[in-house]
$ cat protein_7.cif   # mmCIF, C-alpha atoms; chains and numbers go by the auth columns
data_model
#
loop_
_atom_site.group_PDB
_atom_site.id
_atom_site.type_symbol
_atom_site.label_atom_id
_atom_site.label_comp_id
_atom_site.label_asym_id
_atom_site.label_seq_id
_atom_site.Cartn_x
_atom_site.Cartn_y
_atom_site.Cartn_z
_atom_site.B_iso_or_equiv
_atom_site.auth_seq_id
_atom_site.auth_asym_id
ATOM 1 C CA MET A 1 44.512 -5.593 19.667 0.00 177 A
ATOM 2 C CA ASN A 2 46.326 -2.257 19.919 0.00 178 A
ATOM 3 C CA GLU A 3 45.055 1.019 18.505 0.00 179 A
ATOM 4 C CA THR A 4 47.250 0.931 15.398 0.00 180 A
ATOM 5 C CA GLN A 5 46.057 -2.565 14.510 0.00 181 A
ATOM 6 C CA THR A 6 42.411 -1.533 14.999 0.00 182 A
ATOM 7 C CA GLN A 7 42.855 1.539 12.833 0.00 183 A
ATOM 8 C CA THR A 8 44.571 -0.514 10.125 0.00 184 A
ATOM 9 C CA LYS A 9 41.781 -3.086 10.137 0.00 185 A
ATOM 10 C CA GLU A 10 39.093 -0.389 9.914 0.00 186 A
ATOM 11 C CA LYS A 11 40.946 1.411 7.144 0.00 187 A
ATOM 12 C CA THR A 12 41.328 -1.826 5.189 0.00 188 A
ATOM 13 C CA ALA A 13 37.595 -2.577 5.513 0.00 189 A
ATOM 14 C CA LEU A 14 36.692 0.922 4.359 0.00 190 A
ATOM 15 C CA ASP A 15 39.132 0.742 1.460 0.00 191 A
ATOM 16 C CA VAL A 16 37.645 -2.433 0.003 0.00 192 A
ATOM 17 C CA PRO A 17 35.935 -1.388 -3.217 0.00 193 A
ATOM 18 C CA TRP A 18 32.254 -2.101 -3.769 0.00 194 A
ATOM 19 C CA ASN A 19 30.803 -3.402 -6.992 0.00 195 A
ATOM 20 C CA VAL A 20 27.569 -2.220 -8.527 0.00 196 A
ATOM 21 C CA VAL A 21 26.036 -5.325 -10.098 0.00 197 A
ATOM 22 C CA VAL A 22 23.091 -5.358 -12.502 0.00 198 A
ATOM 23 C CA HIS A 23 21.131 -8.608 -12.761 0.00 199 A
ATOM 24 C CA ASN A 24 19.074 -9.993 -15.619 0.00 200 A
ATOM 25 C CA ASP A 25 15.303 -10.026 -15.598 0.00 201 A
ATOM 26 C CA PRO A 26 13.050 -11.296 -18.374 0.00 202 A
ATOM 27 C CA VAL A 27 11.050 -8.095 -18.697 0.00 203 A
ATOM 28 C CA ASN A 28 13.299 -5.044 -19.084 0.00 204 A
ATOM 29 C CA LEU A 29 13.966 -4.207 -22.732 0.00 205 A
ATOM 30 C CA MET A 30 17.571 -4.506 -23.894 0.00 206 A
ATOM 31 C CA SER A 31 17.422 -1.020 -25.405 0.00 207 A
ATOM 32 C CA TYR A 32 16.056 0.389 -22.131 0.00 208 A
ATOM 33 C CA VAL A 33 18.845 -1.208 -20.073 0.00 209 A
ATOM 34 C CA ALA A 34 21.504 0.159 -22.448 0.00 210 A
ATOM 35 C CA MET A 35 19.878 3.606 -22.328 0.00 211 A
ATOM 36 C CA VAL A 36 19.945 3.584 -18.520 0.00 212 A
ATOM 37 C CA PHE A 37 23.636 2.601 -18.458 0.00 213 A
ATOM 38 C CA ARG A 38 24.454 5.524 -20.745 0.00 214 A
ATOM 39 C CA ARG A 39 22.478 7.963 -18.652 0.00 215 A
ATOM 40 C CA VAL A 40 23.671 6.826 -15.218 0.00 216 A
ATOM 41 C CA PHE A 41 27.324 6.068 -15.959 0.00 217 A
ATOM 42 C CA GLY A 42 27.888 8.169 -19.085 0.00 218 A
ATOM 43 C CA PHE A 43 28.962 5.051 -21.005 0.00 219 A
ATOM 44 C CA SER A 44 29.435 5.180 -24.778 0.00 220 A
ATOM 45 C CA LYS A 45 26.753 3.342 -26.772 0.00 221 A
ATOM 46 C CA GLU A 46 29.183 0.482 -27.368 0.00 222 A
ATOM 47 C CA LYS A 47 30.176 0.104 -23.710 0.00 223 A
ATOM 48 C CA ALA A 48 26.546 0.324 -22.575 0.00 224 A
ATOM 49 C CA GLU A 49 25.609 -2.445 -24.991 0.00 225 A
ATOM 50 C CA GLN A 50 28.540 -4.618 -23.909 0.00 226 A
ATOM 51 C CA HIS A 51 27.339 -4.481 -20.305 0.00 227 A
ATOM 52 C CA MET A 52 23.714 -4.948 -21.328 0.00 228 A
ATOM 53 C CA LEU A 53 24.657 -8.074 -23.333 0.00 229 A
ATOM 54 C CA GLU A 54 26.696 -9.375 -20.398 0.00 230 A
ATOM 55 C CA VAL A 55 23.628 -8.993 -18.183 0.00 231 A
ATOM 56 C CA HIS A 56 21.478 -10.713 -20.801 0.00 232 A
ATOM 57 C CA HIS A 57 23.794 -13.654 -21.502 0.00 233 A
ATOM 58 C CA LYS A 58 25.578 -14.174 -18.182 0.00 234 A
ATOM 59 C CA GLY A 59 22.814 -13.025 -15.838 0.00 235 A
ATOM 60 C CA ARG A 60 24.842 -10.199 -14.292 0.00 236 A
ATOM 61 C CA SER A 61 27.399 -7.526 -15.004 0.00 237 A
ATOM 62 C CA VAL A 62 29.618 -5.457 -12.723 0.00 238 A
ATOM 63 C CA VAL A 63 28.995 -1.991 -14.104 0.00 239 A
ATOM 64 C CA TRP A 64 31.031 0.058 -11.630 0.00 240 A
ATOM 65 C CA SER A 65 33.486 -0.420 -8.756 0.00 241 A
ATOM 66 C CA GLY A 66 34.648 2.054 -6.154 0.00 242 A
ATOM 67 C CA GLY A 67 33.762 3.708 -2.860 0.00 243 A
ATOM 68 C CA ARG A 68 30.656 2.547 -1.020 0.00 244 A
ATOM 69 C CA GLU A 69 28.905 5.895 -0.878 0.00 245 A
ATOM 70 C CA ARG A 70 29.074 6.414 -4.625 0.00 246 A
ATOM 71 C CA ALA A 71 28.170 2.788 -5.264 0.00 247 A
ATOM 72 C CA GLU A 72 25.024 3.249 -3.156 0.00 248 A
ATOM 73 C CA LEU A 73 24.139 6.358 -5.122 0.00 249 A
ATOM 74 C CA TYR A 74 24.468 4.474 -8.406 0.00 250 A
ATOM 75 C CA VAL A 75 22.317 1.596 -7.123 0.00 251 A
ATOM 76 C CA GLN A 76 19.686 4.096 -6.028 0.00 252 A
ATOM 77 C CA GLN A 77 19.694 5.650 -9.511 0.00 253 A
ATOM 78 C CA LEU A 78 19.442 2.207 -11.141 0.00 254 A
ATOM 79 C CA HIS A 79 16.532 1.288 -8.867 0.00 255 A
ATOM 80 C CA GLY A 80 14.923 4.584 -9.843 0.00 256 A
ATOM 81 C CA PHE A 81 15.033 3.291 -13.432 0.00 257 A
ATOM 82 C CA LEU A 82 13.711 -0.067 -12.127 0.00 258 A
ATOM 83 C CA LEU A 83 16.796 -2.113 -12.974 0.00 259 A
ATOM 84 C CA LEU A 84 17.626 -5.027 -10.693 0.00 260 A
ATOM 85 C CA ALA A 85 20.876 -3.839 -9.110 0.00 261 A
ATOM 86 C CA THR A 86 22.811 -4.782 -5.991 0.00 262 A
ATOM 87 C CA LEU A 87 25.893 -3.698 -4.077 0.00 263 A
ATOM 88 C CA GLU A 88 28.621 -6.248 -3.446 0.00 264 A
ATOM 89 C CA ARG A 89 31.940 -6.001 -1.685 0.00 265 A
ATOM 90 C CA SER A 90 34.671 -6.615 -4.217 0.00 266 A
ATOM 91 C CA GLU A 91 36.435 -9.950 -3.541 0.00 267 A
ATOM 92 C CA MET B 1 -2.268 4.250 -35.294 0.00 24 B
ATOM 93 C CA ASN B 2 -0.114 7.123 -36.567 0.00 25 B
ATOM 94 C CA ILE B 3 2.929 8.313 -34.664 0.00 26 B
ATOM 95 C CA GLU B 4 4.298 11.778 -35.305 0.00 27 B
ATOM 96 C CA ARG B 5 6.521 14.269 -33.524 0.00 28 B
ATOM 97 C CA ASP B 6 5.179 17.719 -32.709 0.00 29 B
ATOM 98 C CA GLN B 7 7.216 20.908 -33.115 0.00 30 B
ATOM 99 C CA ASN B 8 8.580 20.583 -29.572 0.00 31 B
ATOM 100 C CA GLY B 9 9.731 16.995 -30.034 0.00 32 B
ATOM 101 C CA GLY B 10 6.718 15.490 -28.269 0.00 33 B
ATOM 102 C CA PHE B 11 5.168 12.261 -29.504 0.00 34 B
ATOM 103 C CA VAL B 12 1.655 12.355 -30.951 0.00 35 B
ATOM 104 C CA PHE B 13 -0.279 9.095 -31.309 0.00 36 B
ATOM 105 C CA SER B 14 -3.367 9.604 -33.433 0.00 37 B
ATOM 106 C CA GLU B 15 -6.023 7.277 -34.853 0.00 38 B
ATOM 107 C CA VAL B 16 -5.282 4.826 -32.055 0.00 39 B
ATOM 108 C CA GLU B 17 -7.271 1.634 -32.610 0.00 40 B
ATOM 109 C CA GLN B 18 -9.730 0.819 -29.824 0.00 41 B
ATOM 110 C CA PRO B 19 -7.911 -2.291 -28.464 0.00 42 B
ATOM 111 C CA ILE B 20 -4.607 -0.377 -28.330 0.00 43 B
ATOM 112 C CA ALA B 21 -6.306 2.645 -26.747 0.00 44 B
ATOM 113 C CA GLU B 22 -7.755 0.334 -24.092 0.00 45 B
ATOM 114 C CA MET B 23 -4.301 -1.085 -23.445 0.00 46 B
ATOM 115 C CA PHE B 24 -2.857 2.419 -23.016 0.00 47 B
ATOM 116 C CA LEU B 25 -5.724 3.371 -20.715 0.00 48 B
ATOM 117 C CA SER B 26 -5.008 0.296 -18.593 0.00 49 B
ATOM 118 C CA ILE B 27 -1.533 1.584 -17.645 0.00 50 B
ATOM 119 C CA PRO B 28 -2.616 3.286 -14.371 0.00 51 B
ATOM 120 C CA SER B 29 -4.384 0.179 -13.053 0.00 52 B
ATOM 121 C CA ALA B 30 -1.496 -2.058 -14.157 0.00 53 B
ATOM 122 C CA LEU B 31 0.835 -0.014 -11.936 0.00 54 B
ATOM 123 C CA GLU B 32 -0.880 -1.228 -8.782 0.00 55 B
ATOM 124 C CA PRO B 33 0.898 -4.155 -7.079 0.00 56 B
ATOM 125 C CA ASP B 34 -2.444 -4.899 -5.308 0.00 57 B
ATOM 126 C CA GLY B 35 -0.649 -6.128 -2.231 0.00 58 B
ATOM 127 C CA ASN B 36 1.354 -8.636 -4.256 0.00 59 B
ATOM 128 C CA ARG B 37 4.618 -9.191 -2.370 0.00 60 B
ATOM 129 C CA ALA B 38 6.596 -10.286 -5.429 0.00 61 B
ATOM 130 C CA ALA B 39 5.554 -7.147 -7.302 0.00 62 B
ATOM 131 C CA HIS B 40 6.493 -4.952 -4.358 0.00 63 B
ATOM 132 C CA ALA B 41 9.842 -6.729 -4.033 0.00 64 B
ATOM 133 C CA ARG B 42 10.532 -6.206 -7.728 0.00 65 B
ATOM 134 C CA LEU B 43 9.746 -2.469 -7.572 0.00 66 B
ATOM 135 C CA PHE B 44 11.881 -2.056 -4.450 0.00 67 B
ATOM 136 C CA PRO B 45 14.621 -4.693 -4.608 0.00 68 B
ATOM 137 C CA ASP B 46 16.995 -5.295 -1.715 0.00 69 B
ATOM 138 C CA PRO B 47 20.312 -3.680 -2.703 0.00 70 B
ATOM 139 C CA ALA B 48 22.244 -6.160 -0.568 0.00 71 B
ATOM 140 C CA GLY B 49 20.529 -9.218 -2.036 0.00 72 B
ATOM 141 C CA GLY B 50 19.669 -10.449 1.462 0.00 73 B
ATOM 142 C CA LYS B 51 23.314 -10.531 2.528 0.00 74 B
ATOM 143 C CA ASP B 52 23.514 -7.453 4.762 0.00 75 B
ATOM 144 C CA GLU B 53 20.585 -6.724 7.057 0.00 76 B
ATOM 145 C CA LYS B 54 21.897 -3.296 8.045 0.00 77 B
ATOM 146 C CA ILE B 55 22.155 -2.076 4.451 0.00 78 B
ATOM 147 C CA SER B 56 18.708 -3.522 3.643 0.00 79 B
ATOM 148 C CA GLN B 57 17.084 -1.826 6.639 0.00 80 B
ATOM 149 C CA GLU B 58 18.702 1.561 5.965 0.00 81 B
ATOM 150 C CA TRP B 59 17.615 1.275 2.344 0.00 82 B
ATOM 151 C CA ALA B 60 14.029 0.528 3.320 0.00 83 B
ATOM 152 C CA ASP B 61 14.004 3.467 5.739 0.00 84 B
ATOM 153 C CA TYR B 62 15.685 6.156 3.661 0.00 85 B
ATOM 154 C CA VAL B 63 15.815 5.231 -0.034 0.00 86 B
ATOM 155 C CA VAL B 64 12.558 3.372 -0.679 0.00 87 B
ATOM 156 C CA PRO B 65 10.345 6.374 0.245 0.00 88 B
ATOM 157 C CA GLU B 66 12.242 8.502 -2.294 0.00 89 B
ATOM 158 C CA LEU B 67 11.930 5.830 -4.969 0.00 90 B
ATOM 159 C CA ARG B 68 8.226 5.457 -4.203 0.00 91 B
ATOM 160 C CA GLU B 69 7.704 9.194 -4.605 0.00 92 B
ATOM 161 C CA GLY B 70 9.492 9.149 -7.977 0.00 93 B
ATOM 162 C CA PHE B 71 7.364 6.247 -9.209 0.00 94 B
ATOM 163 C CA GLU B 72 4.150 7.925 -8.028 0.00 95 B
ATOM 164 C CA ASN B 73 5.079 11.185 -9.767 0.00 96 B
ATOM 165 C CA ALA B 74 5.666 9.303 -13.029 0.00 97 B
ATOM 166 C CA ALA B 75 2.265 7.618 -12.666 0.00 98 B
ATOM 167 C CA VAL B 76 0.511 10.957 -12.099 0.00 99 B
ATOM 168 C CA THR B 77 2.157 12.428 -15.231 0.00 100 B
ATOM 169 C CA VAL B 78 1.072 9.478 -17.369 0.00 101 B
ATOM 170 C CA GLU B 79 -2.474 9.532 -16.008 0.00 102 B
ATOM 171 C CA GLY B 80 -2.696 13.232 -16.863 0.00 103 B
ATOM 172 C CA ASP B 81 -1.504 12.687 -20.435 0.00 104 B
ATOM 173 C CA LEU B 82 -4.000 9.863 -20.934 0.00 105 B
ATOM 174 C CA GLY B 83 -6.835 12.347 -20.422 0.00 106 B
ATOM 175 C CA SER B 84 -6.831 13.289 -24.117 0.00 107 B
ATOM 176 C CA LEU B 85 -7.183 9.642 -25.124 0.00 108 B
ATOM 177 C CA ILE B 86 -10.157 9.241 -22.783 0.00 109 B
ATOM 178 C CA ALA B 87 -11.694 12.227 -24.565 0.00 110 B
ATOM 179 C CA GLY B 88 -11.225 10.418 -27.891 0.00 111 B
ATOM 180 C CA GLU B 89 -8.419 12.690 -29.037 0.00 112 B
ATOM 181 C CA ALA B 90 -4.837 11.951 -30.029 0.00 113 B
ATOM 182 C CA LEU B 91 -2.478 10.984 -27.224 0.00 114 B
ATOM 183 C CA THR B 92 0.317 13.512 -26.905 0.00 115 B
ATOM 184 C CA ILE B 93 3.390 12.744 -24.827 0.00 116 B
ATOM 185 C CA PRO B 94 5.352 15.980 -24.404 0.00 117 B
ATOM 186 C CA LEU B 95 9.118 15.540 -24.620 0.00 118 B
ATOM 187 C CA ALA B 96 9.443 16.560 -20.967 0.00 119 B
ATOM 188 C CA HIS B 97 7.124 13.687 -19.994 0.00 120 B
ATOM 189 C CA VAL B 98 8.910 10.936 -21.910 0.00 121 B
ATOM 190 C CA ASP B 99 11.056 9.842 -18.950 0.00 122 B
ATOM 191 C CA ALA B 100 7.946 9.596 -16.771 0.00 123 B
ATOM 192 C CA TRP B 101 6.307 7.439 -19.438 0.00 124 B
ATOM 193 C CA LEU B 102 9.335 5.165 -19.742 0.00 125 B
ATOM 194 C CA ASN B 103 9.331 4.802 -15.966 0.00 126 B
ATOM 195 C CA ALA B 104 5.605 4.140 -15.595 0.00 127 B
ATOM 196 C CA LEU B 105 5.573 1.686 -18.499 0.00 128 B
ATOM 197 C CA ASN B 106 8.432 -0.174 -16.866 0.00 129 B
ATOM 198 C CA GLN B 107 6.667 -0.180 -13.512 0.00 130 B
ATOM 199 C CA ALA B 108 3.553 -1.603 -15.153 0.00 131 B
ATOM 200 C CA ARG B 109 5.486 -4.285 -17.046 0.00 132 B
ATOM 201 C CA LEU B 110 7.379 -5.383 -13.927 0.00 133 B
ATOM 202 C CA VAL B 111 4.285 -5.415 -11.714 0.00 134 B
ATOM 203 C CA LEU B 112 2.327 -7.489 -14.244 0.00 135 B
ATOM 204 C CA ALA B 113 5.247 -9.875 -14.732 0.00 136 B
ATOM 205 C CA ALA B 114 5.617 -10.359 -10.970 0.00 137 B
ATOM 206 C CA ARG B 115 1.883 -10.706 -10.311 0.00 138 B
ATOM 207 C CA PHE B 116 1.408 -13.301 -13.058 0.00 139 B
ATOM 208 C CA GLU B 117 4.810 -14.975 -12.614 0.00 140 B
ATOM 209 C CA VAL B 118 5.766 -14.331 -16.229 0.00 141 B
ATOM 210 C CA THR B 119 8.892 -16.150 -17.404 0.00 142 B
ATOM 211 C CA GLU B 120 11.331 -15.578 -20.258 0.00 143 B
ATOM 212 C CA GLU B 121 9.601 -18.475 -22.048 0.00 144 B
ATOM 213 C CA ASP B 122 6.232 -16.685 -21.761 0.00 145 B
ATOM 214 C CA MET B 123 7.800 -13.523 -23.152 0.00 146 B
ATOM 215 C CA ASN B 124 9.162 -15.398 -26.194 0.00 147 B
ATOM 216 C CA ASN B 125 6.016 -17.418 -26.876 0.00 148 B
ATOM 217 C CA PRO B 126 4.821 -16.479 -30.402 0.00 149 B
ATOM 218 C CA GLU B 127 1.357 -18.031 -29.959 0.00 150 B
ATOM 219 C CA PRO B 128 -1.611 -15.631 -30.171 0.00 151 B
ATOM 220 C CA PHE B 129 -3.028 -14.783 -26.766 0.00 152 B
ATOM 221 C CA ASP B 130 -6.474 -15.604 -25.445 0.00 153 B
ATOM 222 C CA SER B 131 -8.234 -12.376 -24.441 0.00 154 B
ATOM 223 C CA GLN B 132 -10.443 -14.319 -21.997 0.00 155 B
ATOM 224 C CA ASN B 133 -7.404 -15.495 -20.048 0.00 156 B
ATOM 225 C CA GLU B 134 -6.275 -12.943 -17.458 0.00 157 B
ATOM 226 C CA ARG B 135 -2.669 -14.116 -17.424 0.00 158 B
ATOM 227 C CA GLU B 136 -2.372 -14.089 -21.215 0.00 159 B
ATOM 228 C CA MET B 137 -3.927 -10.631 -21.304 0.00 160 B
ATOM 229 C CA ALA B 138 -1.283 -9.488 -18.807 0.00 161 B
ATOM 230 C CA ILE B 139 1.471 -10.859 -21.067 0.00 162 B
ATOM 231 C CA SER B 140 -0.005 -9.027 -24.048 0.00 163 B
ATOM 232 C CA GLN B 141 -0.114 -5.819 -21.967 0.00 164 B
ATOM 233 C CA ILE B 142 3.580 -6.318 -21.160 0.00 165 B
ATOM 234 C CA HIS B 143 4.326 -6.615 -24.896 0.00 166 B
ATOM 235 C CA VAL B 144 2.253 -3.582 -25.910 0.00 167 B
ATOM 236 C CA PHE B 145 3.776 -1.432 -23.151 0.00 168 B
ATOM 237 C CA GLY B 146 7.194 -2.657 -24.309 0.00 169 B
ATOM 238 C CA LEU B 147 6.466 -1.614 -27.893 0.00 170 B
ATOM 239 C CA LEU B 148 5.504 1.843 -26.682 0.00 171 B
ATOM 240 C CA GLN B 149 8.702 2.031 -24.614 0.00 172 B
ATOM 241 C CA GLU B 150 10.761 0.949 -27.624 0.00 173 B
ATOM 242 C CA CYS B 151 9.066 3.557 -29.798 0.00 174 B
ATOM 243 C CA LEU B 152 9.920 6.302 -27.292 0.00 175 B
ATOM 244 C CA ILE B 153 13.524 5.092 -26.866 0.00 176 B
ATOM 245 C CA GLN B 154 14.060 4.960 -30.638 0.00 177 B
ATOM 246 C CA GLY B 155 12.443 8.375 -30.998 0.00 178 B
ATOM 247 C CA LEU B 156 14.866 9.808 -28.456 0.00 179 B
ATOM 248 C CA GLY B 157 17.732 8.414 -30.552 0.00 180 B
ATOM 249 C CA GLU B 158 18.746 6.161 -27.668 0.00 181 B
ATOM 250 C CA GLY B 159 18.128 2.840 -29.377 0.00 182 B
ATOM 251 C CA LEU B 160 20.720 0.115 -29.786 0.00 183 B
ATOM 252 C CA VAL B 161 23.704 0.571 -32.168 0.00 184 B
#
$ encode --input "protein_7.cif" --output "structure tokens"
Amino acid sequence: MNETQTQTKEKTALDVPWNVVVHNDPVNLMSYVAMVFRRVFGFSKEKAEQHMLEVHHKGRSVVWSGGRERAELYVQQLHGFLLLATLERSE
Amino acid sequence: MNIERDQNGGFVFSEVEQPIAEMFLSIPSALEPDGNRAAHARLFPDPAGGKDEKISQEWADYVVPELREGFENAAVTVEGDLGSLIAGEALTIPLAHVDAWLNALNQARLVLAARFEVTEEDMNNPEPFDSQNEREMAISQIHVFGLLQECLIQGLGEGLV
């Protein structure tokens, strides 16, 4: 593989967006989850509740997508609020 | 129990009935995972969901200690505020401490749920609990701590639409 191909491959891997995913758990209050979404992502009440309900009914919700570093920061904040959150490479 | 707001926006819980006071006073001990692996895993979940060892290891090395410190600070704040209740006085949660309370109450609820393997079905069971049964007592603690959380969230004006 030549240098240009290697650089292109690395750039493509770095450019792949990462998803911040919040998963359901039976304990966290719905109001608490919505509050955390508003605080961490600055969502409106309505948007926060949409994501909260998606977590509740579908078991998970992608709450943010973008660069890895920022995604990690958001997951850290969500873990600080004790939400079950993971990082996933966007498909 | 009466719930009022003080002039600085803090929450004052007065005339707290003995069983509820005992529940509140049990928060610090409920925070302890007691070596339970499931409880520890729930407080510090793997951000990669087991799919990327490098991310998981870096997280354990650099992020978990920070999270642990934040959780411990919240616990210390709550324990301090509970001092008035131990003295038989009203429990006051200053506005600046509300986030610490929300955090510690959540820690306690998650630790209890993990330790006693509480399911969604348990959480929705309307049957009265048996105070002699340790697991049922844990579920009732989870509910009482949840009510207190809900009260604080509503009081902050951050409840659901």
$ axis_aligned_box --input "protein_7.cif" --around "range 218-228 of chain A" --padding-each-side "6 Å" --output "AutoDock Vina command-line options"
--center_x 26.9 --center_y 1.6 --center_z -23.2 --size_x 18.5 --size_y 25.1 --size_z 20.3
$ interface_residues --input "protein_7.cif" --of "chain B" --to "chain A" --cutoff "10 Å" --atoms "all atoms listed in the file" --output "PDB file with C-alpha atoms, in the frame of the given file"
ATOM      1  CA  ARG B  65      10.532  -6.206  -7.728  1.00  0.00           C
ATOM      2  CA  LEU B  66       9.746  -2.469  -7.572  1.00  0.00           C
ATOM      3  CA  PHE B  67      11.881  -2.056  -4.450  1.00  0.00           C
ATOM      4  CA  PRO B  68      14.621  -4.693  -4.608  1.00  0.00           C
ATOM      5  CA  ASP B  69      16.995  -5.295  -1.715  1.00  0.00           C
ATOM      6  CA  PRO B  70      20.312  -3.680  -2.703  1.00  0.00           C
ATOM      7  CA  ALA B  71      22.244  -6.160  -0.568  1.00  0.00           C
ATOM      8  CA  GLY B  72      20.529  -9.218  -2.036  1.00  0.00           C
ATOM      9  CA  GLY B  73      19.669 -10.449   1.462  1.00  0.00           C
ATOM     10  CA  LYS B  74      23.314 -10.531   2.528  1.00  0.00           C
ATOM     11  CA  ASP B  75      23.514  -7.453   4.762  1.00  0.00           C
ATOM     12  CA  ILE B  78      22.155  -2.076   4.451  1.00  0.00           C
ATOM     13  CA  TRP B  82      17.615   1.275   2.344  1.00  0.00           C
ATOM     14  CA  VAL B  86      15.815   5.231  -0.034  1.00  0.00           C
ATOM     15  CA  VAL B  87      12.558   3.372  -0.679  1.00  0.00           C
ATOM     16  CA  GLU B  89      12.242   8.502  -2.294  1.00  0.00           C
ATOM     17  CA  LEU B  90      11.930   5.830  -4.969  1.00  0.00           C
ATOM     18  CA  ARG B  91       8.226   5.457  -4.203  1.00  0.00           C
ATOM     19  CA  GLY B  93       9.492   9.149  -7.977  1.00  0.00           C
ATOM     20  CA  PHE B  94       7.364   6.247  -9.209  1.00  0.00           C
ATOM     21  CA  ASP B 122      11.056   9.842 -18.950  1.00  0.00           C
ATOM     22  CA  LEU B 125       9.335   5.165 -19.742  1.00  0.00           C
ATOM     23  CA  ASN B 126       9.331   4.802 -15.966  1.00  0.00           C
ATOM     24  CA  ALA B 127       5.605   4.140 -15.595  1.00  0.00           C
ATOM     25  CA  ASN B 129       8.432  -0.174 -16.866  1.00  0.00           C
ATOM     26  CA  GLN B 130       6.667  -0.180 -13.512  1.00  0.00           C
ATOM     27  CA  ARG B 132       5.486  -4.285 -17.046  1.00  0.00           C
ATOM     28  CA  LEU B 133       7.379  -5.383 -13.927  1.00  0.00           C
ATOM     29  CA  LEU B 135       2.327  -7.489 -14.244  1.00  0.00           C
ATOM     30  CA  ALA B 136       5.247  -9.875 -14.732  1.00  0.00           C
ATOM     31  CA  ALA B 137       5.617 -10.359 -10.970  1.00  0.00           C
ATOM     32  CA  VAL B 141       5.766 -14.331 -16.229  1.00  0.00           C
ATOM     33  CA  THR B 142       8.892 -16.150 -17.404  1.00  0.00           C
ATOM     34  CA  GLU B 143      11.331 -15.578 -20.258  1.00  0.00           C
ATOM     35  CA  GLU B 144       9.601 -18.475 -22.048  1.00  0.00           C
ATOM     36  CA  ASP B 145       6.232 -16.685 -21.761  1.00  0.00           C
ATOM     37  CA  MET B 146       7.800 -13.523 -23.152  1.00  0.00           C
ATOM     38  CA  ASN B 147       9.162 -15.398 -26.194  1.00  0.00           C
ATOM     39  CA  ILE B 165       3.580  -6.318 -21.160  1.00  0.00           C
ATOM     40  CA  HIS B 166       4.326  -6.615 -24.896  1.00  0.00           C
ATOM     41  CA  GLY B 169       7.194  -2.657 -24.309  1.00  0.00           C
ATOM     42  CA  LEU B 170       6.466  -1.614 -27.893  1.00  0.00           C
ATOM     43  CA  GLN B 172       8.702   2.031 -24.614  1.00  0.00           C
ATOM     44  CA  GLU B 173      10.761   0.949 -27.624  1.00  0.00           C
ATOM     45  CA  LEU B 175       9.920   6.302 -27.292  1.00  0.00           C
ATOM     46  CA  ILE B 176      13.524   5.092 -26.866  1.00  0.00           C
ATOM     47  CA  GLN B 177      14.060   4.960 -30.638  1.00  0.00           C
ATOM     48  CA  GLY B 180      17.732   8.414 -30.552  1.00  0.00           C
ATOM     49  CA  GLU B 181      18.746   6.161 -27.668  1.00  0.00           C
ATOM     50  CA  GLY B 182      18.128   2.840 -29.377  1.00  0.00           C
ATOM     51  CA  LEU B 183      20.720   0.115 -29.786  1.00  0.00           C
ATOM     52  CA  VAL B 184      23.704   0.571 -32.168  1.00  0.00           C
TER      53      VAL B 184
END
$ atom_distance --input "protein_7.cif" --atom1 "CA of Ala247 in chain A" --atom2 "CA of Asn195 in chain A"
6.9 Å
$ atom_distance --input "protein_7.cif" --atom1 "CA of Asn25 in chain B" --atom2 "CA of Pro42 in chain B"
14.7 Å
$ residues_around --input "protein_7.cif" --residues "His227 in chain A" --least-positions-apart "4" --cutoff "8 Å" --atoms "all atoms listed in the file" --output "list in words"
Ala210, Lys223, Val231, Ser237, Val238 and Val239 of chain A
$ atom_distance --input "protein_7.cif" --atom1 "CA of Phe34 in chain B" --atom2 "CA of Cys174 in chain B"
9.5 Å
$ residues_around --input "protein_7.cif" --residues "range 47-52 of chain B" --least-positions-apart "2" --cutoff "7 Å" --atoms "all atoms listed in the file" --output "VMD selection string"
chain B and resid 43 to 45 54 to 55 98 102 105 131
$ closest_residue --input "protein_7.cif" --among "B:Gly178, B:Gln80, B:Arg138, B:Glu38" --to "Ile116 in chain B" --atoms "all atoms listed in the file"
B:Gly178
$ residues_around --input "protein_7.cif" --residues "Asp29 in chain B" --least-positions-apart "5" --cutoff "9 Å" --atoms "only C-alpha atoms" --output "list in words"
Phe34, Val35, Thr115 and Pro117 of chain B
$ decode --input "protein_7.cif" --residues "range 34-47 of chain B" --atoms "C-alpha atoms" --output "PDB file, in the first residue's frame"
ATOM      1  CA  PHE B  34     -35.831  22.271  50.047  1.00  0.00           C
ATOM      2  CA  VAL B  35     -36.940  21.850  53.657  1.00  0.00           C
ATOM      3  CA  PHE B  36     -38.477  18.539  54.740  1.00  0.00           C
ATOM      4  CA  SER B  37     -40.059  18.859  58.160  1.00  0.00           C
ATOM      5  CA  GLU B  38     -42.157  16.549  60.339  1.00  0.00           C
ATOM      6  CA  VAL B  39     -40.618  13.575  58.558  1.00  0.00           C
ATOM      7  CA  GLU B  40     -42.306  10.380  59.743  1.00  0.00           C
ATOM      8  CA  GLN B  41     -39.959   7.905  61.429  1.00  0.00           C
ATOM      9  CA  PRO B  42     -40.055   5.201  58.688  1.00  0.00           C
ATOM     10  CA  ILE B  43     -39.331   7.814  55.996  1.00  0.00           C
ATOM     11  CA  ALA B  44     -36.586   9.389  58.120  1.00  0.00           C
ATOM     12  CA  GLU B  45     -35.011   5.942  58.487  1.00  0.00           C
ATOM     13  CA  MET B  46     -35.162   5.475  54.730  1.00  0.00           C
ATOM     14  CA  PHE B  47     -33.438   8.829  54.165  1.00  0.00           C
TER      15      PHE B  47
END
